[in-house]
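Note sheet for the following structure.
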Amino acid sequence: MKTILWLKIALLAYMFCPVTAYPQPTRTIKGVVRSAVDKEPLYGVSVMNNTTGKIVISDKGGLFSMAGLNTSDTLSFTHVGYAMKEIPVAELNVESITVLLEESLRKLDEVLVNTGYQLLPKERSTGSFTHVDGQVLSRMVSANIIDRLEGVTNGLSFQLPATRGAPSSTPELRIRGLSTINGETSPLIIIDNFPYEGEIANINPNDVESITVLKDAAASSIWGARAGNGVIVITTKAGKTGLKPVINFNSNISIAQKPDLYYNQAFLPPAEAVELERDLFKRGLYVKNDWTAATPAIEILFALEDGLLSLETAESMLDALKQSDVRNEAGNYLYRKGIHQQYALNVSGGSEWHQYYVSAGFDKNANNLKGNGYHRITLSAKNDFRPFKKLHIGTSINYTQRHLQNNGIDFVDLAPSGMNDIYVYARLADEKGNPLPIVRNNRFAYTDNAAAWGLLDWHYRPLDELAVKDNSRHAQEVRLNTAVRYDIVDGMHVEGRYQYQSIDNATTNHYSPESYFARNLINTYTQQDGTRPIPLGGILDRSGSTLSSHYGRLQMGYSNSWERHEINSLVGFEIRQERNDGNGSLRLYGYDNSILTYATNINYESSLPLRPLSSGRIQNGTSPGNQLVDRFVSYYGNIAYTFEQRYTFSASARWDASNIFGVDFNQKGVPLWSIGAAWNVTNESVVDIDWINLAKLRITYGSNGNVVRTISALPRISYGSTNPVTRLPMGTLQSVGNPDLSWEKVNTVNIGADFELFNSRIFGSAEWYDKSSSNLIGEDFIDPTTGIIWSGFFYNLDNRRNYADMKTRGIDIELNTVNLNKGIRWETGFVFNHVRNKVTNYQEQRNPVIVNFFTNVPVVEGTPRDQLYALPWYGLDGTGAPLVMVDDQLGTDYNSYFNSLTYEDLLKTGVSTPTFFGAFRNTFTWHSFSASINILWKAGHKFRRPTIAYSSLFSPGRQTHQDYLKRWRTPGDERTTDIPSMPENANVARDYAYIFSEALIEKGDNIRLHDVNVSYQLPSRYVRKTGLSQIRFYAYAKNLGIIWKRTDYDLDPDVQAYYPQPLEFAFGLQIQL
Amino acid sequence: MTTFRLKMAIIFSLFLPLATSCMKDFLDIKRDKSQVIPVTLRDYFSIFENNNMNYNSAHLLGEIASDDYFIEAGQWRALSDPVQRNTYVWASEIFEGESSVDWNRAYEKILYANFVMEGVDSIGETVANKTFRDELLGAAHFHRGANFFNLAQLFCNQYDHETANTDLGLPLRLTSNINDTYSRSTLEETYSQILNDLSVAIRLLPATVPVNTRPSKAAAMGMMAKVHLQLGDYELAYDYADKALEIHPEILNFNDIDISANIPFPLYGQGNPEIIFYTHTGNATAILSNARLSVDSLLFNSYHKDDLRKEAFFFPNDGRNGFKGYYSGSTSFLFSGLTTPELLLIRAECAARLGNREHATKDLNMLLFNRFTPEDFTPIELSITSDELLQLVLSERRRELVYRGVRWHDLLRFNKEPAFAKPLTRVLEGTEYSLSVGSPLWVWPIPPDVIALSGIQKNQRN
């Protein structure tokens, strides 16, 4: 085992402790360095003889000793967070002194970054970390801790997935862009030293102390095969040594406005919509049968056609339809102001021998969709014991319970079957507020007869449904942690950690007998003789899943400093199992919720005639579920060595084996590793520039991995087919497996500089990185000699393996300034991120379909992963038809155009994800008032604007768009509009020529006011009277809107959903006892 | 410092046991419980039951290039598949970027064979499973050996023991790991792999099998006879053919079938007693379909007027002669498997070459007895000279094994014998194309996708 050997070498290196002797000098000064504030001794203060450049470091007791001093020398004392102090030796009368250091203007504790394996002083690390402290995190009000990273985390981008309907609440996170093609893109999330596999919503943000984002290889390679997308390390609060317990109470209420349902342009004004339907009706685009849902306007036109209505009545009925707007109705009846209440209480304290932190949280959410909401209870208790000096025992228990109600009816849920959207003039209630039906599955003309046929009421009334919906999800999580640490000798310790995590999810959808779901299903199956194969009563669906994981870790660390040397290192072993059980699902028919009975004699076998047509079996909603087990075994180690607080060198390595990888790969034992160096220029004796407080250069290189779980290293076979030659059953091999399946590898070079200038009035960092991802999973053109062959349409066997490459490059800049510090303190934080990627090796799809380049973009070598393609736009002709270029001639022969299109004809218009993004945050503090405004900006990306596609309009989906109103209508319009005329017949190619053209590509650049926080801390003279130690009031506003955008269209470039996230206000109170 | 080191050693030793012993077992668990991975002998057996193993045998290039047929210039020009068009005139570049069905499908079967071999190897032998396990291992070796042999007839020089150690052989893929790479072996190595695989197959396979799509001992011996015949080793070829015929002597008597039927033979060879192992070529519809081909007139005229095969195999087709003797029972596929008559002809040829006239005539008569009506059948007399007998056996071979890919194998070996060597020529619109004796064009180029993706050595084509 190579790894074992490697560990042994690391171990030997441990035992090598250099000892150096020094000649006796003229004068030796000894002393102690203390903080001027609390007189506590300061550890790690750099004491330098300015003449010789010699440096010593103060020990844990703040003690230092500097020999060989001449009277002409000057000693300088520097320490992070403290102003530098210089003392000429001549001024010292005694040999033993006490030096008091004042805190620097920017009160900065020495930042300890948590890698999940160890705490590192940021000062003496080589890697790239973004540290977000508790103060910044508590600036924001949210139920989800990850949301609080948006706009305050250098190098982390948030992107909402392009969903139709309601906006997604789970943004896609990318740390420094993409580094995979087909693998997972989300970063690894660590909570309390272990990877977190649950839903992040289970974590109470009030329990979080700080968050560290590990960005480069030196920072994250300790996480090995799962660190390829970066790592977010969340550290929860712990007890602190102090005499009396500290009680903290935080409460707030957030109010979210009703969403702006008029935002989306897919809906025409009702009057126009009715007229459009009339037009489509004239074209004969509607079929009249029982099972095709027809809108009210079409029902009227059918009746008119059949002579059941007079023209006059029909016209007045149509006019009546034009009076209502479903966006308004939905706003009134389906949506409300969302209210989120949050209460968090924690008690912490402790002595030298025992520290504790106990917390409880309660969140109650009423979503702005009526009927949706949840409550969350979180409990945690953390204890650290020190039974005797060398032994630490830590335990923690976290419990979360969430109960989610999912009974809302979304705007999107209203769409009748077969149609993309609800017809805009739908009414949900009459003038008196009585629920009205909307078309659902079958025609009204059909469902109106239900009673006459002895069937149950067959109408769908959304407002009635709201009252009877009973869908819920119950989630429960328990996390148990134990840690035992033993200090063997000074600076060396061994520790063992274990975590058990268990998450249960149970979903119950109860469709009561009154629900449309139950009525519709019962009616559909009711036979001609009136028998009901699906019995009267409710229907109950249940499903669940369980996750349980065990993590064990054994680790040895060594850190020490002597003379001019400092060393910090660890080696360890880790073993993990994560087991995911999908517990299957269950369906009960004839369910009675009051006495919990159900029908047992359901016939799932026979095919039955259905109403209004066809036949089918009763769905047996019972499934066995599945089980996934991931196992990992890892060895790791790292070492950082600092010389004279000037030069730091780091190295790390990690080896992972897993049942996800192939057996051959596991046996090869390929490690992931990193090396790094940092140079603290300010600690050089030759650098003595007053206004530079810190200047540090860092360079690292190393590799991380990314696990792809969608592909199996094992072979796969399927059964069920018959050999046509022998008529005997046969098996079909799907994959021969891949014993060499491995992680994807991301090699990162990171070059950075940290600086603090003008007495820390300006500080920040600038970094450049280059990520080369290799070994990426992709479909490969494998040498057919392997037996994996292309049959002309598909590969005979799975041809995915590790081979593809991509490159990602970028810049992260963070600049913080203290602009004013007299009376009012004004601070500015500016984040600038730039990232670009390019696929450098990928086997392109064989004979790709050109249209795919606009819908489901294939990976193409030499282009960014998120390339946005378009067709050239030549305008409209005199009939309003889009022009296309065929054989250098403009014309309207769309079929020839699309048949002759090649990849080379496509325009590469840009990328769909921002290449530049960042934040601009200003904080003002005046006495007890504080205000902070965060502005986010994104640039460099493009998006495709939706528009009218007549083929979608003519098809039963009836997709409309307001661009329809701006279409070409009369000759000459082609000079003012690009929107094609409505053709006689659906012509998909004609639509494509426009909807995929460059005319619809817009620049996405925008600046938005993300949030504002205002807080007021009650002056202590008032607080003391109450017996409390701190009272703070705060107000917070989020989603304040766009300040500037590049596109002229009335669109939010980042919102593809039906409406943007609504404005939210929050008010809160924090009390400390 | 001593205690320090001691403590270190103790702590370090904690890490060790976890590392070595139990780790493999810990990781040896499949991730997705619902994933069906082949584990049992039944699973591996079911892979071989797949028709993949019998379809698309590597004979297409040889058959397209052979002298069994010709097509008109207009038809030739209209061919959409450049491989068929180029192969027909033995062009120096035939693939024009296309891949080779023969190469791909043969290596697909070799992958399956390797995969099954590895899987079955990992299942220990027990008293209870020995028979079944042996059959599977034997089948795996048979498929691998037979496919290497078929490939060697298309992409390697005709075997010559003088040059076999330097002639290029095939990349001998012997593992299923798709990441393993192989370069080309020597021709000597290729044939020793083939012989090795087939002799293992002979040892392990059962004498007979219930369906002719599964390999049997008879099939393995028959393959061995074919290989030795190709190698020019007539004594061994005779022996193996002899042993195979002992197990499987059945011949289809053409008097028992309706030779006037559109296709006189059963679908997929099921129920045809003389088929020892069934395979057919890839889809042969374009150039080799009756819409295009005319049976070579020399070939057609060589059948005696009373020969039942003349009607069973051919039919008048719009002034031309079409082919209907599909042992596959389907006009889409050309049968390319192993039959009793082929073994009789091998034994007869070897007997004739070795001077055993008695056995040779006996075998010939045995075959012809089943190809003529009893009234028309006249046995060949022993009085015939050895040379005449050999000629007679070879011409009978020509008549019996038509449109089966075998002709190409024969042309290759005759190339080395001046007495039988036959250059091929075709005339299209006044242009004469020819494939002369000893030309390097007899060996097809390695497909271009293979060259590009694996970097193996090309065949010398000029």
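The chains in the structure tokens are called A, B, ... from first to last as shown; in each chain the residues are counted from 1, and the ligands are counted from 1 in the order shown.
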For this session: Return as a count of residues only the residues belonging to chain B that are within 8 Å of chain A, counting only C-alpha atoms.
Result: 52
For this session: Name the residues in contact with stretch 189-201 of chain A at a cut-off of 7 Å, using only C-alpha atoms, excluding same-chain residues fewer than 6 positions from it; report them as a PyMOL selection string.
Result: chain A and resi 116-117+144+231-236+503
Using only N, CA, C and O atoms, please write the residues we just selected to a file, as an mmCIF file, in the first residue's frame.
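Saved to selection25.cif:
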data_model
loop_
_atom_site.group_PDB
_atom_site.id
_atom_site.type_symbol
_atom_site.label_atom_id
_atom_site.label_comp_id
_atom_site.auth_asym_id
_atom_site.auth_seq_id
_atom_site.Cartn_x
_atom_site.Cartn_y
_atom_site.Cartn_z
ATOM 1 N N GLY A 116 -12.868 22.120 8.174
ATOM 2 C CA GLY A 116 -13.625 20.909 8.458
ATOM 3 C C GLY A 116 -12.739 19.846 9.077
ATOM 4 O O GLY A 116 -13.223 18.871 9.634
ATOM 5 N N TYR A 117 -11.435 20.043 9.006
ATOM 6 C CA TYR A 117 -10.494 19.124 9.632
ATOM 7 C C TYR A 117 -9.663 19.818 10.700
ATOM 8 O O TYR A 117 -9.171 19.199 11.616
ATOM 9 N N ASN A 144 -33.122 30.120 5.697
ATOM 10 C CA ASN A 144 -32.163 29.201 5.115
ATOM 11 C C ASN A 144 -30.780 29.841 5.153
ATOM 12 O O ASN A 144 -30.587 30.961 4.682
ATOM 13 N N VAL A 231 -15.864 23.931 -1.522
ATOM 14 C CA VAL A 231 -16.444 23.432 -0.277
ATOM 15 C C VAL A 231 -16.959 24.613 0.531
ATOM 16 O O VAL A 231 -16.312 25.664 0.596
ATOM 17 N N ILE A 232 -18.139 24.450 1.101
ATOM 18 C CA ILE A 232 -18.687 25.463 2.004
ATOM 19 C C ILE A 232 -18.694 24.844 3.395
ATOM 20 O O ILE A 232 -19.362 23.832 3.619
ATOM 21 N N VAL A 233 -17.910 25.412 4.292
ATOM 22 C CA VAL A 233 -17.794 24.847 5.637
ATOM 23 C C VAL A 233 -18.593 25.717 6.604
ATOM 24 O O VAL A 233 -18.301 26.896 6.780
ATOM 25 N N ILE A 234 -19.608 25.114 7.197
ATOM 26 C CA ILE A 234 -20.456 25.834 8.136
ATOM 27 C C ILE A 234 -20.061 25.429 9.555
ATOM 28 O O ILE A 234 -20.000 24.240 9.863
ATOM 29 N N THR A 235 -19.738 26.417 10.366
ATOM 30 C CA THR A 235 -19.366 26.141 11.745
ATOM 31 C C THR A 235 -20.485 26.629 12.644
ATOM 32 O O THR A 235 -20.914 27.782 12.534
ATOM 33 N N THR A 236 -20.971 25.753 13.506
ATOM 34 C CA THR A 236 -22.063 26.166 14.379
ATOM 35 C C THR A 236 -21.500 26.723 15.682
ATOM 36 O O THR A 236 -20.342 26.529 16.031
ATOM 37 N N ILE A 503 -32.166 10.972 8.609
ATOM 38 C CA ILE A 503 -33.202 11.877 8.106
ATOM 39 C C ILE A 503 -34.376 11.044 7.624
ATOM 40 O O ILE A 503 -34.184 10.078 6.875
#
For this session: Just the residues within 12 Å of A:Asn520, please, counting only C-alpha atoms, with nothing from its chain fewer than 3 positions along; format it as a VMD selection string.
Result: chain A and resid 440 to 442 447 450 455 to 460 511 to 517 523 to 526 534 536 to 539 610 to 612
Problem set entry | Shell of 8 Å around stretch 382-395 of chain B, only C-alpha atoms, local chain residues under 2 positions omitted, as a PyMOL selection string | chain B and resi 345+348-349+352-353+355+357-358+360-361+364+380+397-399
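Minimum atom-to-atom distances from B:Pro210, B:Gly405, B:Pro215, B:Gly337 to B:Asp102 were compared using only C-alpha atoms, and the lowest value belongs to B:Gly405.
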For this session: Find, counting only C-alpha atoms, the residue in A:Phe1065, A:Tyr1036, A:Phe411, A:Trp873 that gets nearest to A:Pro980.
Result: A:Trp873
Exercise. Expressed in Å to a single decimal, how great is the separation between atom CA of A:His941 and atom CA of A:Asp1054?
Worked result: 10.1 Å
For this session: Write out as a PyMOL selection string all residues of stretch 16-204 of chain B that DSSP puts in strand (DSSP E or B) for this structure's backbone.
Result: chain B and resi 32+57+69-70+168-171+184-186
Export, as a PDB file, in the first residue's frame, the selected residues with all heavy atoms.
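Written file, out.pdb:
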ATOM      1  N   ASP B  32     -26.345   0.838  -6.093  1.00  0.00           N
ATOM      2  CA  ASP B  32     -27.784   0.901  -6.290  1.00  0.00           C
ATOM      3  C   ASP B  32     -28.329  -0.512  -6.195  1.00  0.00           C
ATOM      4  O   ASP B  32     -28.024  -1.349  -7.023  1.00  0.00           O
ATOM      5  CB  ASP B  32     -28.075   1.500  -7.665  1.00  0.00           C
ATOM      6  CG  ASP B  32     -29.560   1.679  -7.906  1.00  0.00           C
ATOM      7  OD1 ASP B  32     -30.357   1.108  -7.132  1.00  0.00           O
ATOM      8  OD2 ASP B  32     -29.907   2.377  -8.865  1.00  0.00           O
ATOM      9  N   SER B  57     -22.102 -11.788 -38.458  1.00  0.00           N
ATOM     10  CA  SER B  57     -20.774 -12.412 -38.467  1.00  0.00           C
ATOM     11  C   SER B  57     -19.888 -11.687 -39.474  1.00  0.00           C
ATOM     12  O   SER B  57     -20.377 -11.080 -40.426  1.00  0.00           O
ATOM     13  CB  SER B  57     -20.881 -13.883 -38.823  1.00  0.00           C
ATOM     14  OG  SER B  57     -21.141 -14.004 -40.202  1.00  0.00           O
ATOM     15  N   TYR B  69     -20.936 -13.352 -57.661  1.00  0.00           N
ATOM     16  CA  TYR B  69     -21.980 -12.574 -58.326  1.00  0.00           C
ATOM     17  C   TYR B  69     -21.359 -11.379 -59.039  1.00  0.00           C
ATOM     18  O   TYR B  69     -20.170 -11.113 -58.917  1.00  0.00           O
ATOM     19  CB  TYR B  69     -22.969 -12.084 -57.272  1.00  0.00           C
ATOM     20  CG  TYR B  69     -22.394 -10.951 -56.460  1.00  0.00           C
ATOM     21  CD1 TYR B  69     -22.827  -9.636 -56.671  1.00  0.00           C
ATOM     22  CD2 TYR B  69     -21.363 -11.171 -55.540  1.00  0.00           C
ATOM     23  CE1 TYR B  69     -22.267  -8.581 -55.970  1.00  0.00           C
ATOM     24  CE2 TYR B  69     -20.806 -10.133 -54.845  1.00  0.00           C
ATOM     25  CZ  TYR B  69     -21.250  -8.838 -55.050  1.00  0.00           C
ATOM     26  OH  TYR B  69     -20.695  -7.807 -54.378  1.00  0.00           O
ATOM     27  N   PHE B  70     -22.178 -10.685 -59.817  1.00  0.00           N
ATOM     28  CA  PHE B  70     -21.772  -9.376 -60.329  1.00  0.00           C
ATOM     29  C   PHE B  70     -22.989  -8.477 -60.409  1.00  0.00           C
ATOM     30  O   PHE B  70     -24.126  -8.958 -60.345  1.00  0.00           O
ATOM     31  CB  PHE B  70     -21.079  -9.509 -61.694  1.00  0.00           C
ATOM     32  CG  PHE B  70     -21.963 -10.058 -62.777  1.00  0.00           C
ATOM     33  CD1 PHE B  70     -22.740  -9.207 -63.570  1.00  0.00           C
ATOM     34  CD2 PHE B  70     -22.036 -11.435 -63.006  1.00  0.00           C
ATOM     35  CE1 PHE B  70     -23.562  -9.723 -64.555  1.00  0.00           C
ATOM     36  CE2 PHE B  70     -22.869 -11.941 -63.989  1.00  0.00           C
ATOM     37  CZ  PHE B  70     -23.634 -11.100 -64.774  1.00  0.00           C
ATOM     38  N   LEU B 168       1.439  -8.799 -39.733  1.00  0.00           N
ATOM     39  CA  LEU B 168       0.584  -8.200 -38.710  1.00  0.00           C
ATOM     40  C   LEU B 168      -0.657  -9.049 -38.470  1.00  0.00           C
ATOM     41  O   LEU B 168      -1.335  -9.459 -39.407  1.00  0.00           O
ATOM     42  CB  LEU B 168       0.149  -6.802 -39.142  1.00  0.00           C
ATOM     43  CG  LEU B 168       1.217  -5.717 -39.057  1.00  0.00           C
ATOM     44  CD1 LEU B 168       0.705  -4.435 -39.701  1.00  0.00           C
ATOM     45  CD2 LEU B 168       1.616  -5.471 -37.616  1.00  0.00           C
ATOM     46  N   GLY B 169      -0.917  -9.298 -37.209  1.00  0.00           N
ATOM     47  CA  GLY B 169      -2.139 -10.006 -36.837  1.00  0.00           C
ATOM     48  C   GLY B 169      -3.183  -9.024 -36.347  1.00  0.00           C
ATOM     49  O   GLY B 169      -3.166  -7.851 -36.711  1.00  0.00           O
ATOM     50  N   LEU B 170      -4.087  -9.505 -35.511  1.00  0.00           N
ATOM     51  CA  LEU B 170      -5.165  -8.670 -34.985  1.00  0.00           C
ATOM     52  C   LEU B 170      -4.781  -8.112 -33.620  1.00  0.00           C
ATOM     53  O   LEU B 170      -3.935  -8.676 -32.944  1.00  0.00           O
ATOM     54  CB  LEU B 170      -6.425  -9.525 -34.802  1.00  0.00           C
ATOM     55  CG  LEU B 170      -7.032 -10.124 -36.056  1.00  0.00           C
ATOM     56  CD1 LEU B 170      -8.041 -11.193 -35.663  1.00  0.00           C
ATOM     57  CD2 LEU B 170      -7.712  -9.041 -36.891  1.00  0.00           C
ATOM     58  N   PRO B 171      -5.405  -7.013 -33.192  1.00  0.00           N
ATOM     59  CA  PRO B 171      -5.292  -6.664 -31.771  1.00  0.00           C
ATOM     60  C   PRO B 171      -6.063  -7.727 -30.985  1.00  0.00           C
ATOM     61  O   PRO B 171      -7.260  -7.904 -31.200  1.00  0.00           O
ATOM     62  CB  PRO B 171      -5.975  -5.296 -31.659  1.00  0.00           C
ATOM     63  CG  PRO B 171      -6.497  -4.946 -33.000  1.00  0.00           C
ATOM     64  CD  PRO B 171      -6.291  -6.100 -33.920  1.00  0.00           C
ATOM     65  N   ARG B 184      -1.385  -4.365 -32.375  1.00  0.00           N
ATOM     66  CA  ARG B 184      -1.574  -5.550 -33.214  1.00  0.00           C
ATOM     67  C   ARG B 184      -0.562  -6.624 -32.863  1.00  0.00           C
ATOM     68  O   ARG B 184       0.622  -6.351 -32.693  1.00  0.00           O
ATOM     69  CB  ARG B 184      -1.476  -5.168 -34.689  1.00  0.00           C
ATOM     70  CG  ARG B 184      -2.619  -4.274 -35.113  1.00  0.00           C
ATOM     71  CD  ARG B 184      -2.576  -3.973 -36.585  1.00  0.00           C
ATOM     72  NE  ARG B 184      -2.892  -5.154 -37.391  1.00  0.00           N
ATOM     73  CZ  ARG B 184      -3.050  -5.112 -38.701  1.00  0.00           C
ATOM     74  NH1 ARG B 184      -2.911  -3.978 -39.344  1.00  0.00           N
ATOM     75  NH2 ARG B 184      -3.329  -6.210 -39.362  1.00  0.00           N
ATOM     76  N   SER B 185      -1.047  -7.850 -32.773  1.00  0.00           N
ATOM     77  CA  SER B 185      -0.160  -8.988 -32.525  1.00  0.00           C
ATOM     78  C   SER B 185       0.463  -9.408 -33.857  1.00  0.00           C
ATOM     79  O   SER B 185       0.152  -8.838 -34.894  1.00  0.00           O
ATOM     80  CB  SER B 185      -0.984 -10.133 -31.947  1.00  0.00           C
ATOM     81  OG  SER B 185      -1.981 -10.505 -32.882  1.00  0.00           O
ATOM     82  N   THR B 186       1.319 -10.407 -33.801  1.00  0.00           N
ATOM     83  CA  THR B 186       1.790 -10.981 -35.068  1.00  0.00           C
ATOM     84  C   THR B 186       0.748 -11.986 -35.531  1.00  0.00           C
ATOM     85  O   THR B 186      -0.095 -12.428 -34.756  1.00  0.00           O
ATOM     86  CB  THR B 186       3.126 -11.708 -34.900  1.00  0.00           C
ATOM     87  OG1 THR B 186       2.917 -12.835 -34.042  1.00  0.00           O
ATOM     88  CG2 THR B 186       4.185 -10.796 -34.292  1.00  0.00           C
TER      89      THR B 186
END
Exercise. Residues at most 7 Å from B:Ser99, counting only C-alpha atoms, excluding those fewer than 2 positions away in the same chain, as a PyMOL selection string?
Worked result: chain B and resi 95+97+101+447-449
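Compared by their closest atoms to A:Asn593, and using only C-alpha atoms, the residues A:Asn568, A:Asp470, A:Arg809, A:Asn204 rank with A:Asp470 nearest.
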Exercise. Using the chain letters and numbers from this document, which residues of stretch 903-962 of chain A does DSSP assign to helix (DSSP H, G or I), as a PyMOL selection string?
Worked result: chain A and resi 903-905+950-954+962
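Close contacts of B:Val209, defined as residues with an atom at most 10 Å away when counting only C-alpha atoms, with chain neighbours fewer than 6 positions off set aside, comprise B:Glu135, B:Pro215, B:Ser216, B:Lys217, B:Ala218, B:Ala219, B:Ile276, B:Phe277.
The shell of residues at most 9 Å from B:Asn262, with only C-alpha atoms counted and near chain neighbours (fewer than 6 positions) removed, consists of Ala312, Phe315, Lys324 and Gly325 of chain B.
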